[in-house]
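Everything below belongs to run.csv, which stores CSV, C-alpha atoms and all ligand atoms.
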chain,number,residue,atom,x,y,z
I,1,MET,CA,-5.9,-17.8,11.6
I,2,TYR,CA,-3.5,-15.1,10.7
I,3,LEU,CA,-3.3,-11.5,9.9
I,4,LYS,CA,-2.2,-10.9,6.3
I,5,SER,CA,-2.3,-7.2,6.2
I,6,LEU,CA,-2.9,-4.3,8.5
I,7,GLU,CA,-3.4,-0.6,7.7
I,8,LEU,CA,-3.6,2.1,10.3
I,9,ILE,CA,-4.8,5.6,9.5
I,10,ASN,CA,-4.5,8.2,12.3
I,11,PHE,CA,-4.4,5.5,15.0
I,12,ARG,CA,-2.4,6.7,18.1
I,13,ASN,CA,1.0,7.8,16.8
I,14,TYR,CA,0.6,6.2,13.4
I,15,VAL,CA,-0.6,8.6,10.7
I,16,ARG,CA,-0.5,6.1,7.9
I,17,GLN,CA,1.1,2.7,8.1
I,18,ILE,CA,0.7,-0.5,6.2
I,19,ILE,CA,2.3,-3.8,7.1
I,20,GLU,CA,2.1,-7.3,5.7
I,21,PRO,CA,3.1,-9.6,8.5
I,22,CYS,CA,4.3,-13.2,8.1
I,23,PRO,CA,2.2,-16.1,9.5
I,24,TYR,CA,5.0,-16.9,12.0
I,25,PHE,CA,7.0,-14.4,14.2
I,26,ASN,CA,6.6,-10.7,13.7
I,27,ILE,CA,9.1,-8.9,15.9
I,28,LEU,CA,8.7,-5.3,16.6
I,29,ILE,CA,11.9,-3.6,17.9
I,30,GLY,CA,12.0,-0.1,19.1
I,31,GLN,CA,13.0,2.2,21.9
I,32,ASN,CA,10.4,3.2,24.5
I,33,ALA,CA,7.4,5.3,23.3
I,34,GLN,CA,7.8,4.6,19.6
I,35,GLY,CA,4.5,2.8,18.9
I,36,LYS,CA,5.1,-0.9,19.6
I,37,THR,CA,2.2,-1.4,22.1
I,38,ASN,CA,0.0,0.9,19.9
I,39,LEU,CA,0.4,-1.6,17.0
I,40,LEU,CA,-0.6,-4.5,19.2
I,41,GLU,CA,-3.5,-2.5,20.5
I,42,SER,CA,-4.8,-1.9,16.9
I,43,ILE,CA,-4.7,-5.7,16.2
I,44,TYR,CA,-6.5,-6.5,19.5
I,45,LEU,CA,-9.1,-3.7,18.8
I,46,ALA,CA,-9.8,-5.0,15.2
I,47,CYS,CA,-10.1,-8.6,16.5
I,48,THR,CA,-12.2,-8.1,19.6
I,49,GLY,CA,-13.9,-4.7,19.1
I,50,LYS,CA,-12.3,-3.4,22.4
I,51,SER,CA,-9.0,-1.9,23.4
I,52,PHE,CA,-7.0,-3.6,26.2
I,53,ARG,CA,-5.6,-0.2,27.3
I,54,THR,CA,-8.6,2.0,27.7
I,55,SER,CA,-12.4,2.0,27.8
I,56,ARG,CA,-12.3,5.5,26.3
I,57,GLU,CA,-11.4,4.5,22.8
I,58,ARG,CA,-11.4,8.1,21.5
I,59,GLU,CA,-8.0,8.3,23.2
I,60,ALA,CA,-6.7,6.1,20.4
I,61,ILE,CA,-7.5,8.7,17.6
I,62,ASN,CA,-4.4,10.5,16.5
I,63,TRP,CA,-4.2,13.8,18.3
I,64,SER,CA,-4.2,15.8,15.1
I,65,SER,CA,-7.2,13.9,13.5
I,66,GLU,CA,-11.0,13.7,13.9
I,67,PHE,CA,-11.2,9.9,13.5
I,68,SER,CA,-9.1,6.9,12.9
I,69,THR,CA,-9.4,3.8,10.7
I,70,ILE,CA,-8.0,0.3,10.9
I,71,HIS,CA,-8.2,-2.1,8.0
I,72,CYS,CA,-7.2,-5.6,8.4
I,73,LEU,CA,-7.3,-8.8,6.4
I,74,LEU,CA,-7.3,-12.1,8.2
I,75,GLU,CA,-7.1,-15.5,6.8
I,76,THR,CA,-8.8,-18.3,8.7
I,77,GLU,CA,-8.9,-22.0,8.0
I,78,THR,CA,-12.0,-21.5,5.9
I,79,ARG,CA,-12.2,-18.0,4.6
I,80,GLU,CA,-10.8,-14.5,4.4
I,81,LEU,CA,-12.1,-11.8,6.7
I,82,LYS,CA,-11.8,-8.1,5.8
I,83,ILE,CA,-12.3,-6.0,8.9
I,84,LYS,CA,-12.7,-2.2,8.8
I,85,LEU,CA,-13.0,-0.4,12.1
I,86,GLN,CA,-13.6,3.4,12.4
I,87,LEU,CA,-13.2,5.3,15.6
I,88,TYR,CA,-14.9,8.6,16.1
I,89,PRO,CA,-15.2,10.5,19.3
I,90,GLY,CA,-17.9,8.6,21.2
I,91,GLN,CA,-18.6,6.1,18.4
I,92,LYS,CA,-17.1,3.2,16.6
I,93,LYS,CA,-18.2,1.4,13.4
I,94,PHE,CA,-17.2,-2.1,12.2
I,95,LEU,CA,-17.5,-3.5,8.8
I,96,VAL,CA,-16.8,-7.2,8.3
I,97,ASN,CA,-16.5,-8.2,4.6
I,98,GLU,CA,-18.2,-4.9,3.7
I,99,ASN,CA,-21.2,-5.5,6.0
I,100,THR,CA,-21.8,-3.3,9.1
I,101,VAL,CA,-21.8,-5.4,12.3
I,102,HIS,CA,-23.3,-4.3,15.6
I,103,GLY,CA,-21.3,-5.8,18.5
I,104,TYR,CA,-18.7,-8.4,18.2
I,105,PRO,CA,-19.3,-12.1,18.7
I,106,LEU,CA,-17.5,-12.8,22.0
I,107,GLY,CA,-13.8,-13.3,21.5
I,108,TRP,CA,-13.9,-13.5,17.7
I,109,PRO,CA,-11.6,-13.5,15.7
I,110,GLY,CA,-9.2,-15.2,18.1
I,111,VAL,CA,-6.5,-13.2,19.7
I,112,VAL,CA,-4.6,-14.0,22.9
I,113,LEU,CA,-2.7,-11.1,24.6
I,114,PHE,CA,0.1,-11.4,27.1
I,115,THR,CA,1.4,-8.2,28.7
I,116,PRO,CA,3.1,-7.4,31.9
I,117,ASP,CA,-0.2,-6.1,33.3
I,118,ASP,CA,-1.5,-9.7,33.2
I,119,LEU,CA,0.2,-10.2,36.6
I,120,LEU,CA,-2.8,-8.3,38.0
I,121,LEU,CA,-4.7,-11.5,37.4
I,122,ILE,CA,-2.8,-12.9,40.4
I,123,LYS,CA,-2.0,-9.9,42.4
I,124,GLY,CA,-5.0,-7.7,41.6
I,125,PRO,CA,-8.6,-7.6,42.9
I,126,PRO,CA,-11.0,-10.6,42.6
I,127,GLN,CA,-12.9,-9.1,39.7
I,128,GLU,CA,-9.8,-9.7,37.5
I,129,ARG,CA,-10.0,-13.4,38.3
I,130,ARG,CA,-13.7,-13.6,37.8
I,131,ARG,CA,-13.3,-11.8,34.5
I,132,PHE,CA,-10.7,-14.4,33.5
I,133,LEU,CA,-12.9,-17.3,34.5
I,134,ASP,CA,-16.1,-15.9,32.8
I,135,TYR,CA,-14.8,-14.4,29.6
I,136,GLU,CA,-11.6,-16.3,28.9
I,137,LEU,CA,-12.0,-19.8,30.1
I,138,GLY,CA,-15.8,-19.5,29.6
I,139,LEU,CA,-15.5,-18.2,26.1
I,140,PHE,CA,-16.9,-21.2,24.3
I,141,GLN,CA,-19.5,-22.3,26.8
I,142,PRO,CA,-22.9,-22.0,25.1
I,143,HIS,CA,-25.5,-19.9,27.2
I,144,TYR,CA,-22.9,-19.0,29.9
I,145,ASN,CA,-22.8,-15.4,28.9
I,146,HIS,CA,-26.6,-15.2,28.8
I,147,TYR,CA,-26.9,-16.4,32.4
I,148,LEU,CA,-24.1,-14.2,33.6
I,149,SER,CA,-25.6,-11.1,32.2
I,150,ARG,CA,-29.1,-12.0,33.6
I,151,TYR,CA,-27.5,-12.7,37.0
I,152,ASN,CA,-25.7,-9.3,36.9
I,153,ARG,CA,-28.9,-7.5,36.0
I,154,VAL,CA,-30.8,-9.2,38.9
I,155,VAL,CA,-28.0,-8.2,41.3
I,156,SER,CA,-28.2,-4.6,40.4
I,157,GLN,CA,-32.0,-4.5,40.4
I,158,ARG,CA,-32.0,-6.2,43.8
I,159,ASN,CA,-29.6,-3.7,45.1
I,160,ASN,CA,-32.0,-0.9,44.2
I,161,LEU,CA,-34.8,-2.8,46.0
I,162,LEU,CA,-32.6,-3.2,49.1
I,163,ARG,CA,-32.1,0.6,49.1
I,164,GLU,CA,-35.9,1.1,48.8
I,165,ILE,CA,-36.4,-1.2,51.8
I,166,ARG,CA,-33.8,0.5,53.8
I,167,GLU,CA,-35.5,3.8,53.1
I,168,LYS,CA,-38.9,2.2,54.0
I,169,ARG,CA,-40.3,2.9,50.6
I,170,THR,CA,-40.9,-0.9,50.0
I,171,LYS,CA,-41.8,-3.8,52.3
I,172,ASN,CA,-39.3,-6.6,53.2
I,173,ASN,CA,-41.5,-9.3,51.7
I,174,THR,CA,-40.9,-8.1,48.2
I,175,LEU,CA,-37.4,-9.5,48.5
I,176,GLN,CA,-38.5,-13.1,48.3
I,177,ALA,CA,-39.3,-13.1,44.6
I,178,TRP,CA,-36.0,-11.4,43.8
I,179,ASN,CA,-34.1,-14.0,46.0
I,180,GLU,CA,-35.6,-16.7,43.9
I,181,GLN,CA,-34.4,-15.1,40.6
I,182,LEU,CA,-31.0,-14.4,42.1
I,183,GLY,CA,-30.8,-18.0,43.3
I,184,ARG,CA,-31.8,-19.5,39.9
I,185,TYR,CA,-29.3,-17.5,37.9
I,186,GLY,CA,-26.6,-17.5,40.6
I,187,ALA,CA,-26.7,-21.3,40.9
I,188,LYS,CA,-26.4,-21.6,37.1
I,189,VAL,CA,-23.4,-19.2,37.0
I,190,LEU,CA,-21.8,-21.0,39.9
I,191,LEU,CA,-22.3,-24.4,38.3
I,192,PHE,CA,-20.8,-23.2,35.0
I,193,ARG,CA,-17.7,-21.9,36.9
I,194,LEU,CA,-17.2,-25.0,38.9
I,195,GLU,CA,-17.5,-27.1,35.8
I,196,LEU,CA,-15.1,-24.9,33.9
I,197,LEU,CA,-12.6,-25.4,36.7
I,198,LYS,CA,-13.2,-29.2,36.8
I,199,LYS,CA,-12.7,-29.3,33.0
I,200,PHE,CA,-9.5,-27.1,32.9
I,201,SER,CA,-7.7,-28.0,36.1
I,202,PRO,CA,-6.0,-31.2,34.9
I,203,GLN,CA,-4.8,-29.5,31.7
I,204,LEU,CA,-3.5,-26.5,33.6
I,205,ARG,CA,-1.8,-28.6,36.1
I,206,GLN,CA,-0.1,-30.7,33.4
I,207,LEU,CA,1.0,-27.6,31.4
I,208,HIS,CA,2.4,-26.0,34.5
I,209,LEU,CA,4.3,-29.1,35.4
I,210,GLN,CA,5.9,-29.0,31.9
I,211,LEU,CA,6.8,-25.3,32.2
I,212,THR,CA,8.5,-25.8,35.5
I,213,THR,CA,10.1,-29.1,34.7
I,214,GLY,CA,8.0,-31.0,37.1
I,215,ARG,CA,8.7,-28.7,40.1
I,216,GLU,CA,5.4,-26.9,40.6
I,217,ASN,CA,2.0,-28.3,41.1
I,218,LEU,CA,-0.6,-25.8,40.1
I,219,GLU,CA,-4.1,-26.0,41.7
I,220,LEU,CA,-7.0,-23.6,41.1
I,221,ARG,CA,-9.3,-23.1,44.1
I,222,TYR,CA,-12.7,-21.5,43.9
I,223,HIS,CA,-13.9,-19.5,46.9
I,224,SER,CA,-17.6,-19.3,47.0
I,225,SER,CA,-19.2,-16.8,49.2
I,226,PHE,CA,-21.6,-19.4,50.5
I,227,LYS,CA,-19.3,-22.4,50.7
I,228,ALA,CA,-20.5,-24.2,47.6
I,229,THR,CA,-18.4,-27.1,46.4
I,230,ASN,CA,-18.2,-28.8,43.0
I,231,MET,CA,-19.9,-31.8,44.4
I,232,CYS,CA,-23.2,-30.0,44.5
I,233,SER,CA,-26.1,-30.2,42.0
I,234,GLU,CA,-27.7,-27.0,40.7
I,235,GLU,CA,-30.7,-27.6,43.0
I,236,GLU,CA,-28.4,-27.9,46.0
I,237,LEU,CA,-26.6,-24.8,45.0
I,238,PHE,CA,-29.9,-22.9,44.7
I,239,ASN,CA,-31.0,-24.0,48.1
I,240,GLN,CA,-27.7,-23.2,49.8
I,241,TYR,CA,-27.7,-19.8,48.1
I,242,LEU,CA,-31.2,-19.0,49.4
I,243,GLU,CA,-30.4,-20.1,52.8
I,244,ALA,CA,-27.3,-18.0,52.9
I,245,LEU,CA,-29.2,-15.0,51.7
I,246,ASN,CA,-31.8,-15.4,54.5
I,247,ALA,CA,-29.0,-15.4,57.0
I,248,VAL,CA,-27.6,-12.0,55.8
I,249,GLN,CA,-30.8,-10.3,55.0
I,250,GLU,CA,-30.6,-7.6,57.7
I,251,GLU,CA,-27.0,-6.7,56.8
I,252,GLU,CA,-27.9,-6.6,53.1
I,253,ILE,CA,-30.7,-4.1,53.9
I,254,ALA,CA,-28.5,-2.0,56.1
I,255,ARG,CA,-25.8,-1.8,53.4
I,256,ALA,CA,-28.2,-1.9,50.4
I,257,GLN,CA,-26.0,-4.4,48.7
I,258,THR,CA,-26.2,-8.0,47.7
I,259,LEU,CA,-23.4,-9.4,49.8
I,260,ILE,CA,-23.1,-13.0,48.6
I,261,GLY,CA,-23.2,-14.8,45.3
I,262,PRO,CA,-20.9,-15.4,42.3
I,263,HIS,CA,-20.3,-11.6,41.9
I,264,ARG,CA,-18.5,-11.8,45.2
I,265,ASP,CA,-16.5,-15.0,44.7
I,266,ASP,CA,-12.8,-15.4,44.1
I,267,LEU,CA,-10.3,-17.8,42.6
I,268,SER,CA,-6.8,-18.5,43.8
I,269,PHE,CA,-3.8,-20.1,42.4
I,270,PHE,CA,-1.9,-22.5,44.6
I,271,LEU,CA,1.6,-23.7,43.9
I,272,ASN,CA,2.7,-26.8,45.8
I,273,GLY,CA,-0.1,-26.1,48.3
I,274,VAL,CA,0.6,-22.4,49.0
I,275,ASP,CA,-1.2,-19.4,47.6
I,276,ALA,CA,0.8,-17.8,44.8
I,277,LYS,CA,-0.7,-14.4,45.4
I,278,THR,CA,0.8,-14.2,48.9
I,279,TYR,CA,3.9,-16.4,48.5
I,280,GLY,CA,4.7,-16.7,44.8
I,281,SER,CA,7.8,-15.0,43.3
I,282,GLN,CA,7.4,-12.7,40.3
I,283,GLY,CA,8.7,-15.5,38.0
I,284,GLN,CA,6.3,-18.0,39.5
I,285,GLN,CA,3.4,-15.7,39.1
I,286,ARG,CA,4.4,-14.9,35.5
I,287,THR,CA,4.6,-18.7,34.8
I,288,ILE,CA,1.1,-19.2,36.0
I,289,ILE,CA,0.0,-16.5,33.5
I,290,LEU,CA,2.0,-18.3,30.8
I,291,THR,CA,0.2,-21.6,31.6
I,292,LEU,CA,-3.2,-19.8,31.3
I,293,LYS,CA,-2.3,-18.2,28.0
I,294,ILE,CA,-1.1,-21.5,26.5
I,295,ALA,CA,-4.3,-23.1,27.7
I,296,GLN,CA,-6.3,-20.4,25.9
I,297,ILE,CA,-4.4,-21.0,22.7
I,298,LEU,CA,-5.1,-24.8,23.0
I,299,GLN,CA,-8.7,-24.1,23.8
I,300,TRP,CA,-9.1,-22.1,20.6
I,301,LYS,CA,-7.6,-25.0,18.6
I,302,ASN,CA,-9.7,-27.5,20.4
I,303,ASP,CA,-13.0,-25.7,20.2
I,304,VAL,CA,-13.0,-23.9,16.9
I,305,ASN,CA,-10.1,-25.6,15.1
I,306,GLU,CA,-8.2,-22.3,14.7
I,307,TYR,CA,-5.1,-21.0,16.4
I,308,PRO,CA,-5.6,-17.4,17.6
I,309,VAL,CA,-3.1,-14.6,16.9
I,310,LEU,CA,-0.8,-14.2,19.9
I,311,LEU,CA,0.3,-10.8,21.0
I,312,LEU,CA,3.3,-10.7,23.4
I,313,ASP,CA,4.0,-7.2,24.7
I,314,ASP,CA,7.4,-7.0,26.4
I,315,VAL,CA,7.1,-10.4,28.0
I,316,LEU,CA,9.4,-12.9,26.3
I,317,GLN,CA,12.6,-11.4,27.6
I,318,GLU,CA,11.2,-11.7,31.1
I,319,LEU,CA,11.0,-15.4,31.0
I,320,ASP,CA,13.9,-17.7,31.7
I,321,GLN,CA,15.2,-20.0,29.0
I,322,ILE,CA,13.1,-23.1,30.0
I,323,ARG,CA,9.8,-21.2,30.1
I,324,ARG,CA,10.5,-19.2,26.9
I,325,GLN,CA,11.4,-22.4,25.1
I,326,ALA,CA,8.2,-24.1,26.3
I,327,LEU,CA,6.1,-21.3,25.0
I,328,LEU,CA,7.9,-21.3,21.7
I,329,ASN,CA,7.4,-25.1,21.4
I,330,TYR,CA,3.6,-24.6,21.6
I,331,VAL,CA,3.5,-21.7,19.1
I,332,THR,CA,6.3,-22.2,16.6
I,333,GLY,CA,4.9,-23.1,13.2
I,334,ASN,CA,1.2,-23.0,14.3
I,335,VAL,CA,0.5,-19.6,15.7
I,336,GLN,CA,1.1,-16.1,14.3
I,337,VAL,CA,3.0,-14.1,16.9
I,338,PHE,CA,3.5,-10.4,17.3
I,339,LEU,CA,6.1,-9.6,19.9
I,340,THR,CA,7.6,-6.4,21.0
I,341,SER,CA,11.0,-5.7,22.6
I,342,THR,CA,13.4,-2.8,23.0
I,343,SER,CA,16.2,-4.9,21.6
I,344,SER,CA,16.5,-7.9,19.3
I,345,GLU,CA,19.1,-9.5,21.6
I,346,ASN,CA,17.9,-12.0,24.2
I,347,LEU,CA,14.9,-13.1,22.2
I,348,LYS,CA,16.4,-16.4,21.3
I,349,LEU,CA,13.7,-17.7,19.0
I,350,GLY,CA,15.9,-20.4,17.7
I,351,ALA,CA,18.0,-20.4,14.5
I,352,GLY,CA,15.4,-21.7,12.1
I,353,ALA,CA,12.5,-19.6,13.3
I,354,ASN,CA,10.6,-18.0,10.4
I,355,LYS,CA,10.3,-14.3,11.2
I,356,ILE,CA,10.2,-10.7,10.1
I,357,LEU,CA,12.0,-8.1,12.1
I,358,TYR,CA,10.5,-4.6,12.1
I,359,ASN,CA,11.9,-1.4,13.5
I,360,VAL,CA,9.5,1.0,15.1
I,361,VAL,CA,10.5,4.6,15.3
I,362,SER,CA,8.1,7.5,16.1
I,363,GLY,CA,5.0,5.8,14.6
I,364,LYS,CA,6.7,4.5,11.5
I,365,ILE,CA,7.4,0.8,10.9
I,366,THR,CA,10.1,-0.4,8.5
I,367,LYS,CA,11.4,-3.9,7.9
I,368,ALA,CA,14.8,-4.3,9.5
I,401,LIG,N1,-3.9,9.4,20.4
I,401,LIG,C1,-2.6,9.6,20.2
I,401,LIG,N2,-2.1,10.4,19.2
I,401,LIG,C2,-0.8,10.5,19.0
I,401,LIG,N3,0.1,9.9,19.8
I,401,LIG,C3,-0.3,9.1,20.8
I,401,LIG,C4,-1.7,8.9,21.0
I,401,LIG,N4,-1.8,8.0,22.1
I,401,LIG,C5,-0.6,7.7,22.5
I,401,LIG,N5,0.4,8.4,21.7
I,401,LIG,C6,1.8,8.3,21.8
I,401,LIG,O1,2.3,7.0,21.4
I,401,LIG,C7,3.6,6.9,21.9
I,401,LIG,C8,4.0,5.4,21.8
I,401,LIG,O2,3.3,4.6,22.6
I,401,LIG,P1,3.5,3.0,22.8
I,401,LIG,O3,2.8,2.7,24.1
I,401,LIG,O4,3.1,2.2,21.6
I,401,LIG,O5,5.1,2.9,23.0
I,401,LIG,P2,6.0,1.6,23.0
I,401,LIG,O6,6.8,1.6,21.8
I,401,LIG,O7,5.2,0.4,23.3
I,401,LIG,O8,6.9,2.0,24.3
I,401,LIG,P3,7.4,1.1,25.5
I,401,LIG,O9,8.7,0.4,25.1
I,401,LIG,O10,7.7,2.2,26.5
I,401,LIG,O11,6.3,0.2,26.0
I,401,LIG,C9,3.5,7.5,23.3
I,401,LIG,O12,4.6,8.2,23.6
I,401,LIG,C10,2.3,8.4,23.2
I,401,LIG,O13,2.7,9.8,23.4
I,402,MG,MG,4.9,-0.7,25.0

I'd like the structure from this file rewritten - as structure tokens, please.
Ligand SMILES: Nc1ncnc2c1ncn2[C@@H]1O[C@H](COP(=O)(O)OP(=O)(O)OP(=O)(O)O)[C@@H](O)[C@H]1O
Ligand SMILES: [Mg+2]
Amino acid sequence: MYLKSLELINFRNYVRQIIEPCPYFNILIGQNAQGKTNLLESIYLACTGKSFRTSREREAINWSSEFSTIHCLLETETRELKIKLQLYPGQKKFLVNENTVHGYPLGWPGVVLFTPDDLLLIKGPPQERRRFLDYELGLFQPHYNHYLSRYNRVVSQRNNLLREIREKRTKNNTLQAWNEQLGRYGAKVLLFRLELLKKFSPQLRQLHLQLTTGRENLELRYHSSFKATNMCSEEELFNQYLEALNAVQEEEIARAQTLIGPHRDDLSFFLNGVDAKTYGSQGQQRTIILTLKIAQILQWKNDVNEYPVLLLDDVLQELDQIRRQALLNYVTGNVQVFLTSTSSENLKLGAGANKILYNVVSGKITKA
């Protein structure tokens, strides 16, 4: 799929801008603070319904305006999609092919974003890695999202109950029914995650070996808060979870928190047997992210027969020649790419690469 045209009205520092990108490389060159990331943000927002920079989307409305509008025209393998997004303070509206839509289907249309902030996936808190597992690798798993949201709801209701028990407003024995529910949904979520890892691990390992010319063996390890393994059945996971909950019941009441379960689990990335979070260099960590992004692109192709649009914000120049070339090999000719840089030197896309170069200056884009 690719973006044929994009029009921004009062979005961030763009007052009015129209571009007609090419299906291959679209290179946005500009000094700092000119609007390069703003443009990527508008594409991401139109494609996913969310910003990657802020949860307060009103921040994206141009400071001298009351609302902002993004129009974009996407071409997929089978049809054209016209998306109109309007942002008002505290409200947003989407029209797809002239029809109002409420909420976006998860991850659709396809966009994969790679920014320097992605390093948080390795260095940051566990919720970053759980989010990756659940919403990126788990994107095309039917029913997964349903179980995940049910599970999260049970956790929060159970936490309320634990507080009531601590304050002696409810009896301990009411917990049992909630444990059952937590166990049922928790075992399902856990099983989904372990199976996702089983499914993706060989491919990620293979991709990573290619990116590092055979030097680094990548292994994803799941850390379950009750020591579950991928050899367990759903019933076994359920029983283990319940047993573990019984063992921490007093502490849970004292802290009014559900202390174990998939919402407390973590994932780690091991390179040649050592944890990349603790021992990996910046370049090694970045390469793991690159492996994950390429896997996501391939997943789109595999599961829905469409390549997603790829947004690369200031990352290409950070990769060494081998890794950059490996990324380009996967995308060139197949994937529409938007990439930003402060200079057109060092991009080294290859002589024949089909591309448009744009200059970005103070919220205005012109073809170079
Ligand atoms: N709602 C808004 N209205 C007007 N201008 C805004 C708004 N939000 C952000 N800006 C401005 O947009 C400018 C450009 O931001 P952007 O992040 O796109 O820069 P960039 O070209 O990616 O720069 P860098 O190379 O530093 O990453 C910022 O300086 C900011 O002041
Ligand atoms: Mg930027």

Q | atom CA of I:Glu236 to atom CA of I:His146, straight-line distance in Å | A | 21.5 Å

Q | Residue among I:Asn272, I:Ser341, I:Ser201, I:Thr115 lying closest to ligand LIG 401 (chain I), counting only C-alpha atoms and all ligand atoms | A | I:Ser341

Q: Could you pull out the residues sitting within 8 Å of ligand MG 402 (chain I), using all atoms listed in the file, and write them as a list in words?
A: Asn32, Ala33, Gly35, Lys36, Thr37, Asn38, Asp313, Asp314 and Thr340 of chain I

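With all atoms listed in the file as the atoms that count, the minimum distance from ligand LIG 401 (chain I) to the choices I:Trp63, I:Tyr24, I:Phe114, I:Phe338 is reached by I:Trp63.
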
Q. Of the residues I:Asn334, I:Thr258, I:Gln86, I:Gln321, which is the one nearest to I:Val155, using only C-alpha atoms?
A. I:Thr258

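Straight-line separation from atom CA of I:Gly363 to atom CA of I:Leu40: 12.6 Å.
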
Q) Can you list, as a ChimeraX atom specification, every protein, DNA or RNA residue that comes within 12 Å of I:Ala295 when you count all atoms listed in the file, leaving out same-chain residues fewer than 6 positions away? A) /I:112,136-137,199-208,288-289,301-303,307-308,327,330-331

Is it possible to get the residues within 7 Å of (-12.6, -3.7, 7.6) (coordinates as in the file, counting all atoms listed in the file) written as a PDB file with C-alpha atoms, in the coordinates of the input?
ATOM      1  CA  ILE I  70      -8.000   0.300  10.900  1.00  0.00           C
ATOM      2  CA  HIS I  71      -8.200  -2.100   8.000  1.00  0.00           C
ATOM      3  CA  CYS I  72      -7.200  -5.600   8.400  1.00  0.00           C
ATOM      4  CA  LYS I  82     -11.800  -8.100   5.800  1.00  0.00           C
ATOM      5  CA  ILE I  83     -12.300  -6.000   8.900  1.00  0.00           C
ATOM      6  CA  LYS I  84     -12.700  -2.200   8.800  1.00  0.00           C
ATOM      7  CA  LEU I  85     -13.000  -0.400  12.100  1.00  0.00           C
ATOM      8  CA  PHE I  94     -17.200  -2.100  12.200  1.00  0.00           C
ATOM      9  CA  LEU I  95     -17.500  -3.500   8.800  1.00  0.00           C
ATOM     10  CA  VAL I  96     -16.800  -7.200   8.300  1.00  0.00           C
ATOM     11  CA  ASN I  97     -16.500  -8.200   4.600  1.00  0.00           C
ATOM     12  CA  GLU I  98     -18.200  -4.900   3.700  1.00  0.00           C
TER      13      GLU I  98
END

Q. Between atom CA of I:Arg56 and atom CA of I:Tyr44, what is the spacing in Å?
A. 15.0 Å

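Of the residues under consideration (I:Gln176, I:Ser156, I:Asn346, I:Asn359), I:Asn359 shows the shortest atom-to-atom contact distance to ligand LIG 401 (chain I) when counting all atoms listed in the file.
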
Q. Quick one: of I:Leu259, I:Ala177, I:Val315, I:Ala351, who's nearest to ligand LIG 401 (chain I), counting all atoms listed in the file?
A. I:Val315

Q: Write out as number ranges by chain the residues lying within 7 Å of I:Glu306, counting all atoms listed in the file and excluding same-chain residues fewer than 5 positions away.
A: I: 1, 77, 300-301

Q: Select, counting only C-alpha atoms, all protein, DNA and RNA residues no farther than 10 Å from (-22.6, -24.8, 35.3) in file coordinates, and express the selection as a PyMOL selection string.
A: chain I and resi 141+143-144+147+186-196+230+233-234

**Q.** Best match for closeness to I:Glu57 among I:Thr332, I:Gln285, I:Ser362, I:Ser42, counting only C-alpha atoms
**A.** I:Ser42

Q: Tell me, as number ranges by chain, which residues lie within 8 Å of I:Arg221, counting all atoms listed in the file; anything in the same chain fewer than 2 positions away does not count.
A: I: 219, 223, 267-270

Identify, on the basis of all atoms listed in the file, every residue whose closest approach to stretch 74-76 of chain I does not exceed 7 Å; exclude the query and any residue fewer than 4 positions from it along the same chain; express the result as an mmCIF file with C-alpha atoms, in the coordinates of the input.
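Saved as around-v4.cif:
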data_model
loop_
_atom_site.group_PDB
_atom_site.id
_atom_site.type_symbol
_atom_site.label_atom_id
_atom_site.label_comp_id
_atom_site.auth_asym_id
_atom_site.auth_seq_id
_atom_site.Cartn_x
_atom_site.Cartn_y
_atom_site.Cartn_z
ATOM 1 C CA MET I 1 -5.900 -17.800 11.600
ATOM 2 C CA TYR I 2 -3.500 -15.100 10.700
ATOM 3 C CA LEU I 3 -3.300 -11.500 9.900
ATOM 4 C CA LYS I 4 -2.200 -10.900 6.300
ATOM 5 C CA GLU I 80 -10.800 -14.500 4.400
ATOM 6 C CA LEU I 81 -12.100 -11.800 6.700
ATOM 7 C CA LYS I 82 -11.800 -8.100 5.800
#

Non-local contacts of I:Leu121 (8 Å; all atoms listed in the file; under 6 positions in same chain excluded) as an mmCIF file with C-alpha atoms, in the frame of the given file:
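This went into part-v1.cif:
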data_model
loop_
_atom_site.group_PDB
_atom_site.id
_atom_site.type_symbol
_atom_site.label_atom_id
_atom_site.label_comp_id
_atom_site.auth_asym_id
_atom_site.auth_seq_id
_atom_site.Cartn_x
_atom_site.Cartn_y
_atom_site.Cartn_z
ATOM 1 C CA GLU I 128 -9.800 -9.700 37.500
ATOM 2 C CA ARG I 129 -10.000 -13.400 38.300
ATOM 3 C CA PHE I 132 -10.700 -14.400 33.500
ATOM 4 C CA ILE I 289 0.000 -16.500 33.500
#
